[in-house]
Protein chains: 2
Amino acid sequence: MNARIEDVAREAGVSTATVSRALRGLPNVSEETRATVARVAQRLGYVVSRSASRLATGRTLAIAVVAPYLDRWFFAQAVSAIEAELQQSGFDALLVGLQQPDEGRPDFDPGMLRGRVDGVVVLTVPLTGVELDGVRKLGLPAVFVGAAVAGAMSVRIDDITVARLATEHLLELGHTRIAYVGGDPQQPLSFTAPSDRRAGWLAVMRSAGIEPPAAYDAVGHFTASGGLVAGRRLLALKSPPTGVVCASDEMAFGVMTAVRRAGLGIPADLSVVGVDGHEIGELVGLTSVVQPVAEQGALAARMVLAALRGDLPRRSEHVVLPVHLAVRDSTAPVRD
Amino acid sequence: MNARIEDVAREAGVSTATVSRALRGLPNVSEETRATVARVAQRLGYVVSRSASRLATGRTLAIAVVAPYLDRWFFAQAVSAIEAELQQSGFDALLVGLQQPDEGRPDFDPGMLRGRVDGVVVLTVPLTGVELDGVRKLGLPAVFVGAAVAGAMSVRIDDITVARLATEHLLELGHTRIAYVGGDPQQPLSFTAPSDRRAGWLAVMRSAGIEPPAAYDAVGHFTASGGLVAGRRLLALKSPPTGVVCASDEMAFGVMTAVRRAGLGIPADLSVVGVDGHEIGELVGLTSVVQPVAEQGALAARMVLAALRGDLPRRSEHVVLPVHLAVRDSTAPVRD
DNA sequence: ATGAAAGCGCTAACAA
DNA sequence: TTGTTAGCGCTTTCAT
């Protein structure tokens, strides 16, 4: 059906080895031959068979991108950046989603990636110990985005700092009744983002001499609708908070909606801080701890590629990217 | 390094052919042998080399997912659904993004997919004629999401209906000064969604005896910030509209923000309708023409897979999914 | 039901 | 600089 290397070789009057070299830009090929081969290949519409060269070289020129969700803002941004970076280097992006209709995350068997990719980028997935081990056992360069994992590279932000920035901002505005909306603490996490953010909030509160009531520690499942529910609960308390730290902008949107639906105002009745730097947050004036999402993805991709080229120590690179607080209209001094 | 089929064969005391058959569940293998082989393979941690079987069979068990953007809501939703569907059938999802730093879409050479995938899903990309031809020439089952393309399958919604529903809703509320915020009419489109929506709006307006001024035909680039700009322009008109049809919810968010920032109210001063069914739209009470995004993606994936199994005519399947108007709080009767 | 052996299309020594 | 040739690991007739 399609032209094979042999066809090109015959037409160009050279051997297949020469065609292979010429087309891949390897040295020791005369410019003349290279030109001829290129021309013939072009004319025949020859495309190297990925399968064949994979088998012959053992390299797949593909990287797996593992993500728990593909339809949430953070992951969509990151995946987009990763894909762009990989494509630019001629690598395929093999998408591996871990979501499931019924919410429970399916088991992820890293073994299935064996022989299918040259490297792995794992996005903020709370992996079990077994799964982590599986990733390590692949013996491929792997970089985790969102948490430092032993035995692999990582790119992340400092989630303690994230929570600290948000919480201190509210404290400085005079708030003392500050709640936190985060993920589900039940999930067996190996990843630290959610718990670190919660810990950061709690630590700052305590070091300010405040012990938040248990009810101020709310669950928003990192979704807007989860945030809505959490917000409603917080507002229904006898002593509702005057400020809320949300571990993601999407949850913050939910909280803001709860406030509005309760006939209350932001920041008049409740100051809200989010985390992420979601595009829509800018529009609605959400104060947020902005993290470089696309950059984390792009960097992660570049790190796997570098490791593949041997440019990087495969398992000791841990990068922490900076975050910053973007103060907008959803936070204001507490009113008496 | 890793166990090969030969290792399994030796350990199990059978030939490689038998191992191959046994593991793939082919007939003509005694249950006993099958069990032995399975056990040995398990013990050795044997995983079939995708590259080798690809080369041997010519099938890649991979599908390309081509999208102009991966970081926008619609595409993230669709890709997520497609990936889930493919994974369930044991197919790899090969992500091909067409975005580019400088906005101009890079040339897409479908030829590069040759031998790398068994089928293609193309998401609402305005492909040039050459590119479309390229996709057809691949000779692979292809399904387009978002537009009916000759010579390939498609899944989409009726964009004329979409615009009609939105526009008629506003007309019924008594609005006559109804603007439209859509994409950039300059882009060389082979895809119809944006222009159909605009056409639908215009047609309904005219058949109501209204000729909207040119300034009511605004460009929002299908982004929230684009919507913000468009909204600002519309509000600055001497005779601003009382209702706006936005071709996407994200643009609607932008318009809503423009209204709020102008110190005006929704729907008091401006009724806004969006298109998509974005999660956040529900939260902020955006009236919207809801389309089944994930369903379109999932269906598209199933269609390629079906075609691959020979269950479907490869080039004549055109599905149009229904949409519906979700009336929420962003639209109200025009006030005098 | 199972085995032997010839590819699948390319790459990489090794020769020339 | 170029050619020869032996794999890469699996699948698939064709035998048995």
# chains A, B, ... in the order shown; residues from 1 in each chain; ligands from 1
call {"tool": "select_by_dssp", "arguments": {"residues": "segment 108-213 of chain A", "states": "strand (DSSP E or B)", "output": "list in words"}}
result
Gly119, Val120, Val121, Val122, Leu123, Ala142, Val143, Phe144, Val145, Met153, Ser154, Val155, Arg156, Ile157, Ile178, Ala179, Tyr180, Val181 and Gly182 of chain A
call {"tool": "write_last_selection", "arguments": {"atoms": "C-alpha atoms", "output": "tab-separated table (two decimals), in the first residue's frame"}}
result
chain	number	residue	atom	x	y	z
A	119	GLY	CA	8.80	8.47	29.40
A	120	VAL	CA	5.95	9.50	31.63
A	121	VAL	CA	4.47	12.71	32.95
A	122	VAL	CA	2.09	12.21	35.84
A	123	LEU	CA	-0.25	15.04	36.71
A	142	ALA	CA	9.18	10.05	34.92
A	143	VAL	CA	8.23	13.46	36.15
A	144	PHE	CA	5.46	14.18	38.56
A	145	VAL	CA	3.63	17.46	38.46
A	153	MET	CA	11.66	13.99	38.97
A	154	SER	CA	9.06	16.56	39.88
A	155	VAL	CA	7.72	20.01	39.16
A	156	ARG	CA	5.42	21.68	41.60
A	157	ILE	CA	4.56	24.71	43.64
A	178	ILE	CA	-11.50	32.13	58.25
A	179	ALA	CA	-12.73	28.86	56.76
A	180	TYR	CA	-11.04	26.49	54.33
A	181	VAL	CA	-12.62	24.67	51.39
A	182	GLY	CA	-10.55	21.84	50.01
call {"tool": "interface_residues", "arguments": {"of": "chain B", "to": "chain A", "cutoff": "7 Å", "atoms": "only C-alpha atoms", "output": "short mmCIF file (atom, residue, chain, number, x, y, z; two decimals) with N, CA and C atoms, in the first residue's frame"}}
result
data_model
loop_
_atom_site.label_atom_id
_atom_site.label_comp_id
_atom_site.auth_asym_id
_atom_site.auth_seq_id
_atom_site.Cartn_x
_atom_site.Cartn_y
_atom_site.Cartn_z
N SER B 49 4.70 -6.60 23.26
CA SER B 49 5.33 -5.42 22.69
C SER B 49 4.41 -4.82 21.64
N ARG B 50 3.91 -3.63 22.00
CA ARG B 50 3.00 -2.96 21.08
C ARG B 50 3.69 -2.75 19.73
N SER B 51 4.92 -2.36 19.77
CA SER B 51 5.62 -2.07 18.52
C SER B 51 5.68 -3.29 17.63
N ALA B 52 6.02 -4.41 18.23
CA ALA B 52 6.15 -5.63 17.43
C ALA B 52 4.82 -6.07 16.85
N ARG B 54 2.32 -4.25 16.31
CA ARG B 54 1.90 -3.27 15.32
C ARG B 54 2.54 -3.58 13.98
N LEU B 55 3.81 -3.84 14.04
CA LEU B 55 4.53 -4.11 12.80
C LEU B 55 3.99 -5.37 12.14
N LEU B 70 -6.61 22.64 23.40
CA LEU B 70 -6.89 21.61 24.38
C LEU B 70 -7.25 22.25 25.70
N ASP B 71 -7.03 23.56 25.79
CA ASP B 71 -7.23 24.21 27.08
C ASP B 71 -8.54 24.97 27.16
N ALA B 76 -11.68 20.37 26.13
CA ALA B 76 -11.28 19.56 27.27
C ALA B 76 -12.36 18.53 27.58
N GLN B 77 -13.61 18.96 27.53
CA GLN B 77 -14.71 18.05 27.80
C GLN B 77 -14.74 16.93 26.76
N SER B 80 -11.73 14.53 26.93
CA SER B 80 -11.88 13.67 28.09
C SER B 80 -12.80 12.48 27.78
N GLU B 83 -11.14 10.09 25.20
CA GLU B 83 -10.07 9.30 25.79
C GLU B 83 -10.65 8.14 26.59
N ALA B 84 -11.67 8.44 27.37
CA ALA B 84 -12.28 7.40 28.21
C ALA B 84 -12.81 6.27 27.34
N ASP B 92 -5.15 3.42 22.23
CA ASP B 92 -4.40 4.57 22.71
C ASP B 92 -4.98 5.84 22.10
N ALA B 93 -4.97 6.89 22.89
CA ALA B 93 -5.41 8.19 22.39
C ALA B 93 -4.17 9.02 22.11
N LEU B 94 -3.96 9.29 20.85
CA LEU B 94 -2.80 10.09 20.44
C LEU B 94 -3.27 11.53 20.26
N LEU B 95 -2.78 12.38 21.12
CA LEU B 95 -3.27 13.75 21.13
C LEU B 95 -2.50 14.61 20.12
N GLY B 97 -2.46 18.46 19.07
CA GLY B 97 -2.96 19.82 19.24
C GLY B 97 -2.52 20.68 18.07
N GLY B 115 0.30 5.38 9.46
CA GLY B 115 1.01 4.31 10.13
C GLY B 115 1.10 4.49 11.63
N ARG B 116 0.60 5.62 12.11
CA ARG B 116 0.69 5.86 13.55
C ARG B 116 -0.64 5.60 14.24
N GLY B 254 -17.69 36.75 29.61
CA GLY B 254 -16.99 38.01 29.36
C GLY B 254 -17.97 39.16 29.24
N THR B 257 -19.38 40.12 32.52
CA THR B 257 -18.41 40.89 33.29
C THR B 257 -18.40 42.34 32.84
N LEU B 283 -23.84 27.95 37.55
CA LEU B 283 -23.61 28.64 38.81
C LEU B 283 -24.01 30.10 38.73
N VAL B 284 -23.61 30.75 37.66
CA VAL B 284 -23.88 32.17 37.57
C VAL B 284 -25.24 32.47 36.96
#
call {"tool": "residues_around", "arguments": {"residues": "Pro333 of chain A", "least_positions_apart": "4", "cutoff": "10 Å", "atoms": "only C-alpha atoms (C1' of nucleotides)", "output": "MDAnalysis selection string"}}
result
chainID A and resid 169:175 242:243 267:268 270:271
call {"tool": "select_by_dssp", "arguments": {"residues": "segment 47-169 of chain A", "states": "alpha helix (DSSP H)", "output": "ChimeraX atom specification"}}
result
/A:50-57,73-88,129-137,159-169
call {"tool": "interface_residues", "arguments": {"of": "chain D", "to": "chain B", "cutoff": "9 Å", "atoms": "only C-alpha atoms (C1' of nucleotides)", "output": "MDAnalysis selection string"}}
result
chainID D and resid 8:12
call {"tool": "write_last_selection", "arguments": {"atoms": "C-alpha atoms (C1' of nucleotides)", "output": "PDB file, in the first residue's frame"}}
result
ATOM      1  C1'  DC D   8      13.836  -5.974  16.778  1.00  0.00           C
ATOM      2  C1'  DG D   9       9.264  -9.183  18.854  1.00  0.00           C
ATOM      3  C1'  DC D  10       5.274 -10.414  17.262  1.00  0.00           C
ATOM      4  C1'  DT D  11       1.595 -12.569  14.046  1.00  0.00           C
ATOM      5  C1'  DT D  12       0.127 -15.661  10.653  1.00  0.00           C
TER       6       DT D  12
END
call {"tool": "residues_around", "arguments": {"residues": "segment 235-237 of chain B", "least_positions_apart": "2", "cutoff": "9 Å", "atoms": "only C-alpha atoms (C1' of nucleotides)", "output": "list in words"}}
result
Ala215, Ala230, Gly231, Arg232, Arg233, Ser239, Pro240, Pro241, Ala258, Val259 and Ala262 of chain B
call {"tool": "interface_residues", "arguments": {"of": "chain B", "to": "chain C", "cutoff": "7 Å", "atoms": "only C-alpha atoms (C1' of nucleotides)", "output": "list in words"}}
result
Ser15, Thr18, Asn28, Val29, Ser30, Leu55 and Ala56 of chain B
call {"tool": "residues_around", "arguments": {"residues": "segment 247-249 of chain B", "least_positions_apart": "5", "cutoff": "8 Å", "atoms": "only C-alpha atoms (C1' of nucleotides)", "output": "PyMOL selection string"}}
result
chain B and resi 163+180-183+194+197-198+222+273-278+281+286+288
call {"tool": "atom_distance", "arguments": {"atom1": "atom CA of Ala147 of chain B", "atom2": "atom CA of Thr192 of chain B"}}
result
6.1 Å
call {"tool": "decode", "arguments": {"residues": "segment 54-99 of chain A", "atoms": "N, CA and C atoms", "output": "PDB file, in the first residue's frame"}}
result
ATOM      1  N   ARG A  54      10.267   1.804  15.676  1.00  0.00           N
ATOM      2  CA  ARG A  54      10.159   1.557  17.107  1.00  0.00           C
ATOM      3  C   ARG A  54      10.727   0.191  17.447  1.00  0.00           C
ATOM      4  N   LEU A  55      10.318  -0.756  16.650  1.00  0.00           N
ATOM      5  CA  LEU A  55      10.764  -2.117  16.923  1.00  0.00           C
ATOM      6  C   LEU A  55      12.279  -2.226  16.771  1.00  0.00           C
ATOM      7  N   ALA A  56      12.762  -1.564  15.750  1.00  0.00           N
ATOM      8  CA  ALA A  56      14.191  -1.660  15.483  1.00  0.00           C
ATOM      9  C   ALA A  56      15.043  -0.917  16.514  1.00  0.00           C
ATOM     10  N   THR A  57      14.553   0.211  16.975  1.00  0.00           N
ATOM     11  CA  THR A  57      15.374   1.012  17.893  1.00  0.00           C
ATOM     12  C   THR A  57      15.032   0.794  19.359  1.00  0.00           C
ATOM     13  N   GLY A  58      13.820   0.372  19.606  1.00  0.00           N
ATOM     14  CA  GLY A  58      13.397   0.246  20.988  1.00  0.00           C
ATOM     15  C   GLY A  58      12.914   1.561  21.564  1.00  0.00           C
ATOM     16  N   ARG A  59      12.964   2.610  20.749  1.00  0.00           N
ATOM     17  CA  ARG A  59      12.452   3.902  21.212  1.00  0.00           C
ATOM     18  C   ARG A  59      11.103   4.154  20.556  1.00  0.00           C
ATOM     19  N   THR A  60      10.191   4.676  21.344  1.00  0.00           N
ATOM     20  CA  THR A  60       8.842   4.842  20.800  1.00  0.00           C
ATOM     21  C   THR A  60       8.564   6.260  20.334  1.00  0.00           C
ATOM     22  N   LEU A  61       9.383   7.210  20.795  1.00  0.00           N
ATOM     23  CA  LEU A  61       9.125   8.617  20.503  1.00  0.00           C
ATOM     24  C   LEU A  61       7.738   9.026  20.984  1.00  0.00           C
ATOM     25  N   ALA A  62       7.349   8.434  22.081  1.00  0.00           N
ATOM     26  CA  ALA A  62       6.061   8.789  22.671  1.00  0.00           C
ATOM     27  C   ALA A  62       6.219   8.946  24.179  1.00  0.00           C
ATOM     28  N   ILE A  63       5.439   9.854  24.725  1.00  0.00           N
ATOM     29  CA  ILE A  63       5.457  10.087  26.171  1.00  0.00           C
ATOM     30  C   ILE A  63       4.027   9.939  26.680  1.00  0.00           C
ATOM     31  N   ALA A  64       3.878   9.242  27.772  1.00  0.00           N
ATOM     32  CA  ALA A  64       2.545   9.102  28.349  1.00  0.00           C
ATOM     33  C   ALA A  64       2.244  10.294  29.241  1.00  0.00           C
ATOM     34  N   VAL A  65       1.039  10.800  29.126  1.00  0.00           N
ATOM     35  CA  VAL A  65       0.597  11.880  29.998  1.00  0.00           C
ATOM     36  C   VAL A  65      -0.558  11.335  30.833  1.00  0.00           C
ATOM     37  N   VAL A  66      -0.288  11.125  32.097  1.00  0.00           N
ATOM     38  CA  VAL A  66      -1.276  10.516  32.972  1.00  0.00           C
ATOM     39  C   VAL A  66      -1.976  11.586  33.797  1.00  0.00           C
ATOM     40  N   ALA A  67      -3.286  11.607  33.745  1.00  0.00           N
ATOM     41  CA  ALA A  67      -4.032  12.625  34.487  1.00  0.00           C
ATOM     42  C   ALA A  67      -5.316  12.033  35.053  1.00  0.00           C
ATOM     43  N   PRO A  68      -5.680  12.451  36.245  1.00  0.00           N
ATOM     44  CA  PRO A  68      -6.898  11.931  36.880  1.00  0.00           C
ATOM     45  C   PRO A  68      -8.149  12.465  36.197  1.00  0.00           C
ATOM     46  N   TYR A  69      -8.060  13.675  35.695  1.00  0.00           N
ATOM     47  CA  TYR A  69      -9.188  14.265  34.976  1.00  0.00           C
ATOM     48  C   TYR A  69      -8.619  15.021  33.802  1.00  0.00           C
ATOM     49  N   LEU A  70      -9.368  15.028  32.733  1.00  0.00           N
ATOM     50  CA  LEU A  70      -8.912  15.809  31.595  1.00  0.00           C
ATOM     51  C   LEU A  70      -9.836  16.986  31.384  1.00  0.00           C
ATOM     52  N   ASP A  71     -10.978  16.962  32.073  1.00  0.00           N
ATOM     53  CA  ASP A  71     -11.974  17.992  31.804  1.00  0.00           C
ATOM     54  C   ASP A  71     -11.972  19.103  32.852  1.00  0.00           C
ATOM     55  N   ARG A  72     -10.982  19.089  33.745  1.00  0.00           N
ATOM     56  CA  ARG A  72     -10.929  20.187  34.706  1.00  0.00           C
ATOM     57  C   ARG A  72      -9.876  21.183  34.279  1.00  0.00           C
ATOM     58  N   TRP A  73     -10.114  22.401  34.659  1.00  0.00           N
ATOM     59  CA  TRP A  73      -9.300  23.501  34.198  1.00  0.00           C
ATOM     60  C   TRP A  73      -7.804  23.241  34.329  1.00  0.00           C
ATOM     61  N   PHE A  74      -7.366  22.930  35.518  1.00  0.00           N
ATOM     62  CA  PHE A  74      -5.943  22.741  35.759  1.00  0.00           C
ATOM     63  C   PHE A  74      -5.335  21.719  34.801  1.00  0.00           C
ATOM     64  N   PHE A  75      -6.001  20.595  34.663  1.00  0.00           N
ATOM     65  CA  PHE A  75      -5.452  19.519  33.845  1.00  0.00           C
ATOM     66  C   PHE A  75      -5.492  19.853  32.363  1.00  0.00           C
ATOM     67  N   ALA A  76      -6.564  20.500  31.952  1.00  0.00           N
ATOM     68  CA  ALA A  76      -6.653  20.879  30.546  1.00  0.00           C
ATOM     69  C   ALA A  76      -5.515  21.830  30.186  1.00  0.00           C
ATOM     70  N   GLN A  77      -5.242  22.782  31.067  1.00  0.00           N
ATOM     71  CA  GLN A  77      -4.153  23.732  30.828  1.00  0.00           C
ATOM     72  C   GLN A  77      -2.811  23.008  30.746  1.00  0.00           C
ATOM     73  N   ALA A  78      -2.591  22.141  31.723  1.00  0.00           N
ATOM     74  CA  ALA A  78      -1.310  21.442  31.794  1.00  0.00           C
ATOM     75  C   ALA A  78      -1.123  20.521  30.585  1.00  0.00           C
ATOM     76  N   VAL A  79      -2.145  19.750  30.286  1.00  0.00           N
ATOM     77  CA  VAL A  79      -2.050  18.812  29.163  1.00  0.00           C
ATOM     78  C   VAL A  79      -1.780  19.563  27.868  1.00  0.00           C
ATOM     79  N   SER A  80      -2.453  20.667  27.716  1.00  0.00           N
ATOM     80  CA  SER A  80      -2.267  21.463  26.515  1.00  0.00           C
ATOM     81  C   SER A  80      -0.800  21.876  26.365  1.00  0.00           C
ATOM     82  N   ALA A  81      -0.223  22.345  27.442  1.00  0.00           N
ATOM     83  CA  ALA A  81       1.173  22.792  27.397  1.00  0.00           C
ATOM     84  C   ALA A  81       2.118  21.622  27.141  1.00  0.00           C
ATOM     85  N   ILE A  82       1.844  20.521  27.774  1.00  0.00           N
ATOM     86  CA  ILE A  82       2.691  19.342  27.600  1.00  0.00           C
ATOM     87  C   ILE A  82       2.647  18.866  26.155  1.00  0.00           C
ATOM     88  N   GLU A  83       1.444  18.782  25.638  1.00  0.00           N
ATOM     89  CA  GLU A  83       1.283  18.302  24.276  1.00  0.00           C
ATOM     90  C   GLU A  83       2.063  19.177  23.304  1.00  0.00           C
ATOM     91  N   ALA A  84       1.944  20.474  23.488  1.00  0.00           N
ATOM     92  CA  ALA A  84       2.628  21.402  22.591  1.00  0.00           C
ATOM     93  C   ALA A  84       4.140  21.170  22.635  1.00  0.00           C
ATOM     94  N   GLU A  85       4.641  21.014  23.831  1.00  0.00           N
ATOM     95  CA  GLU A  85       6.076  20.820  24.010  1.00  0.00           C
ATOM     96  C   GLU A  85       6.546  19.516  23.359  1.00  0.00           C
ATOM     97  N   LEU A  86       5.779  18.468  23.561  1.00  0.00           N
ATOM     98  CA  LEU A  86       6.147  17.161  23.009  1.00  0.00           C
ATOM     99  C   LEU A  86       6.101  17.190  21.486  1.00  0.00           C
ATOM    100  N   GLN A  87       5.025  17.763  20.988  1.00  0.00           N
ATOM    101  CA  GLN A  87       4.865  17.797  19.537  1.00  0.00           C
ATOM    102  C   GLN A  87       6.037  18.513  18.882  1.00  0.00           C
ATOM    103  N   GLN A  88       6.463  19.567  19.533  1.00  0.00           N
ATOM    104  CA  GLN A  88       7.567  20.351  18.991  1.00  0.00           C
ATOM    105  C   GLN A  88       8.844  19.521  18.881  1.00  0.00           C
ATOM    106  N   SER A  89       8.984  18.554  19.767  1.00  0.00           N
ATOM    107  CA  SER A  89      10.171  17.715  19.727  1.00  0.00           C
ATOM    108  C   SER A  89       9.918  16.422  18.969  1.00  0.00           C
ATOM    109  N   GLY A  90       8.799  16.368  18.302  1.00  0.00           N
ATOM    110  CA  GLY A  90       8.519  15.184  17.501  1.00  0.00           C
ATOM    111  C   GLY A  90       8.055  13.981  18.299  1.00  0.00           C
ATOM    112  N   PHE A  91       7.656  14.222  19.513  1.00  0.00           N
ATOM    113  CA  PHE A  91       7.164  13.113  20.329  1.00  0.00           C
ATOM    114  C   PHE A  91       5.640  13.048  20.318  1.00  0.00           C
ATOM    115  N   ASP A  92       5.133  11.839  20.385  1.00  0.00           N
ATOM    116  CA  ASP A  92       3.694  11.664  20.498  1.00  0.00           C
ATOM    117  C   ASP A  92       3.276  11.803  21.948  1.00  0.00           C
ATOM    118  N   ALA A  93       2.106  12.388  22.143  1.00  0.00           N
ATOM    119  CA  ALA A  93       1.543  12.475  23.496  1.00  0.00           C
ATOM    120  C   ALA A  93       0.465  11.402  23.622  1.00  0.00           C
ATOM    121  N   LEU A  94       0.744  10.453  24.483  1.00  0.00           N
ATOM    122  CA  LEU A  94      -0.206   9.371  24.705  1.00  0.00           C
ATOM    123  C   LEU A  94      -1.005   9.701  25.951  1.00  0.00           C
ATOM    124  N   LEU A  95      -2.275   9.961  25.744  1.00  0.00           N
ATOM    125  CA  LEU A  95      -3.094  10.428  26.847  1.00  0.00           C
ATOM    126  C   LEU A  95      -3.634   9.260  27.658  1.00  0.00           C
ATOM    127  N   VAL A  96      -3.418   9.307  28.959  1.00  0.00           N
ATOM    128  CA  VAL A  96      -3.962   8.262  29.821  1.00  0.00           C
ATOM    129  C   VAL A  96      -4.789   8.903  30.925  1.00  0.00           C
ATOM    130  N   GLY A  97      -6.096   8.809  30.782  1.00  0.00           N
ATOM    131  CA  GLY A  97      -6.990   9.393  31.788  1.00  0.00           C
ATOM    132  C   GLY A  97      -7.294   8.364  32.853  1.00  0.00           C
ATOM    133  N   LEU A  98      -7.497   8.856  34.044  1.00  0.00           N
ATOM    134  CA  LEU A  98      -7.786   7.929  35.127  1.00  0.00           C
ATOM    135  C   LEU A  98      -9.174   8.152  35.698  1.00  0.00           C
ATOM    136  N   GLN A  99      -9.956   8.943  35.004  1.00  0.00           N
ATOM    137  CA  GLN A  99     -11.284   9.185  35.545  1.00  0.00           C
ATOM    138  C   GLN A  99     -12.184   8.003  35.238  1.00  0.00           C
TER     139      GLN A  99
END
